[in-house]
Every structure is written in structure tokens, then in C-alpha cells.
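K.L.:
I am attaching a structure below and will ask some questions about it afterwards.
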Amino acid sequence: MTKKYFNLFSVITICAGLLGCGKSSERNTSKVDTSQQDASYVATSEPSGAIAVGAARKSIKDKDEIVLIGRIGGSSKPFVDGIAAFTIVDSKVPHCSDDEGCPTPWDYCCEQDQVKENMAMVKIIDSKGNPVAKDARQLLGVQELSMVVVHGKARRDSEGNLAVLADQVFIKK
């Protein structure tokens, strides 16, 4: 991915996160069909040495190998259409609870001030380093607020945003 597209992708992700606190009359509570999972991207055991998103944003450098843990969310639409990519948020940041009346608790609208420094983009790549052109929900069997552990290479942009070009994802139950 060229730096131009990476920076654009990062800006769009941050803007979506900041605007994600809108009220919606629909709540996405549907379960994803895990029968379509692609075993080549889903890890069967949890990778060791996972670090939280907030800590990684402070310490990980561009192109470092990384194992990162977080919860899918950060905006009202954390999944990227057309490719297997999504944002994750450090699990120390509390998502909105059902009793707060938030229709999209994964957008963290109740804690939006903490999200920017505790969020990372995850993009699933194939063996050639190309983004996988399949929705992550079907590829991995995940949904909003799923806790995941991802393994891959870190990518940093000039604003300090963190992305992971992931080759494996473990879904915590």
C-alpha cells in the first residue's frame, strides 16, 4: 500500500471514529455465520506475547512484528467494505453499555476522548501482502465487540496512527 493511500485510509478511519456517536434506531445484534471462516487466516490457538493497543501505539515502530489484542469497534461502522479490514480498540476503554441506551456500543461514543490513542486498524493480507478482498465478518466469523488477537507487521503513518497488516487472527471467546 502506498503511503498516500495509507494516510488517506488512516484519516478516514479516525474521522469515522469521531463521527460514530450518532444515534441509530437499528442495533446490529445479528450473529455472523462462522461456517464461512477461512482457516488460513483464523488462528486455532492464541498467539503469545500480545500487547494492548494503547501500549502498542506508544512503543511499536513501523514494520515491527506485532501481536496485538483488542475489541472490534471504534466507530459505528468498524468494518471496511470490500476488504477484510476493521478497527480495534484497547480493551481498557469501556464500550457503551446496553443500559445507557446506545444503539451502537462499539462506537465508544461514551468514551470517545479515549478512543483515538487506543485504536488501531487491522487489515488482513494474503501471502503476497495484498489485502484480502472479502468481508472480515465472513472471513473470520467476527462482529462488533469481538475480542481478537492479531499477528502481523506494524505500519505507522506520520500522525502516529497504528495499523497491522495481519496474517493471522485469533478470536477470543
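Every chain in the C-alpha cells takes a letter, A first, then B, and so on in the order presented; its residues are numbered from 1, and the ligands are numbered from 1 following the presented order.
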Neighbours of Ala154 in chain A within 8 Å (only C-alpha atoms; same-chain residues fewer than 2 positions away dropped), as a PyMOL selection string?
P.N.:
chain A and resi 60-66+152+156+162-165
K.L.:
Quick one: residues within 8 Å of Ile124 in chain A, only C-alpha atoms counted, chain neighbours fewer than 3 positions away excluded, as a ChimeraX atom specification?
P.N.:
/A:41,84-85,131-132,165-168
K.L.:
Residues as selected, N, CA and C atoms, written as a compact mmCIF listing (two decimals), in the first residue's frame, can you do that?
P.N.:
# COMPACT_ATOMS: atom_id res chain seq x y z
N TYR A 41 -6.62 -17.93 7.76
CA TYR A 41 -6.43 -16.66 8.46
C TYR A 41 -6.83 -16.72 9.94
N ALA A 84 -10.98 -7.25 3.93
CA ALA A 84 -11.00 -7.78 5.30
C ALA A 84 -10.20 -6.84 6.19
N ALA A 85 -10.86 -5.79 6.64
CA ALA A 85 -10.21 -4.80 7.50
C ALA A 85 -11.21 -4.25 8.49
N PRO A 131 -4.23 -7.05 0.32
CA PRO A 131 -5.42 -7.12 1.17
C PRO A 131 -6.38 -8.20 0.66
N VAL A 132 -6.97 -8.91 1.61
CA VAL A 132 -7.93 -9.96 1.26
C VAL A 132 -9.26 -9.28 0.93
N LEU A 165 -0.82 -5.13 9.44
CA LEU A 165 -1.04 -5.97 8.26
C LEU A 165 -0.98 -7.40 8.78
N ALA A 166 -2.15 -7.95 9.05
CA ALA A 166 -2.27 -9.21 9.78
C ALA A 166 -2.32 -10.43 8.87
N ASP A 167 -1.63 -11.48 9.31
CA ASP A 167 -1.69 -12.74 8.59
C ASP A 167 -2.46 -13.81 9.37
N GLN A 168 -2.71 -13.56 10.65
CA GLN A 168 -3.47 -14.48 11.49
C GLN A 168 -4.29 -13.70 12.51
K.L.:
Would you list the contacts of Val150 in chain A as a PyMOL selection string, taking every protein, DNA or RNA residue within 6 Å and counting only C-alpha atoms, but skipping same-chain residues closer than 3 positions in sequence?
P.N.:
chain A and resi 67-68+168-169
K.L.:
What's the separation between CA of His151 in chain A and CA of Ala43 in chain A, in Å to one decimal place?
P.N.:
9.3 Å
K.L.:
Extract the full set of alpha helix (DSSP H) residues from range 30-171 of chain A according to DSSP on the backbone, and format it as a list in words.
P.N.:
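Filtering range 30-171 of chain A to alpha helix (DSSP H) leaves Val53, Gly54, Ala55, Ala56, Arg57, Lys58, Ser59, Gln112, Asp113, Gln114, Val115, Ala136, Arg137, Gln138, Leu139 and Leu140 of chain A.
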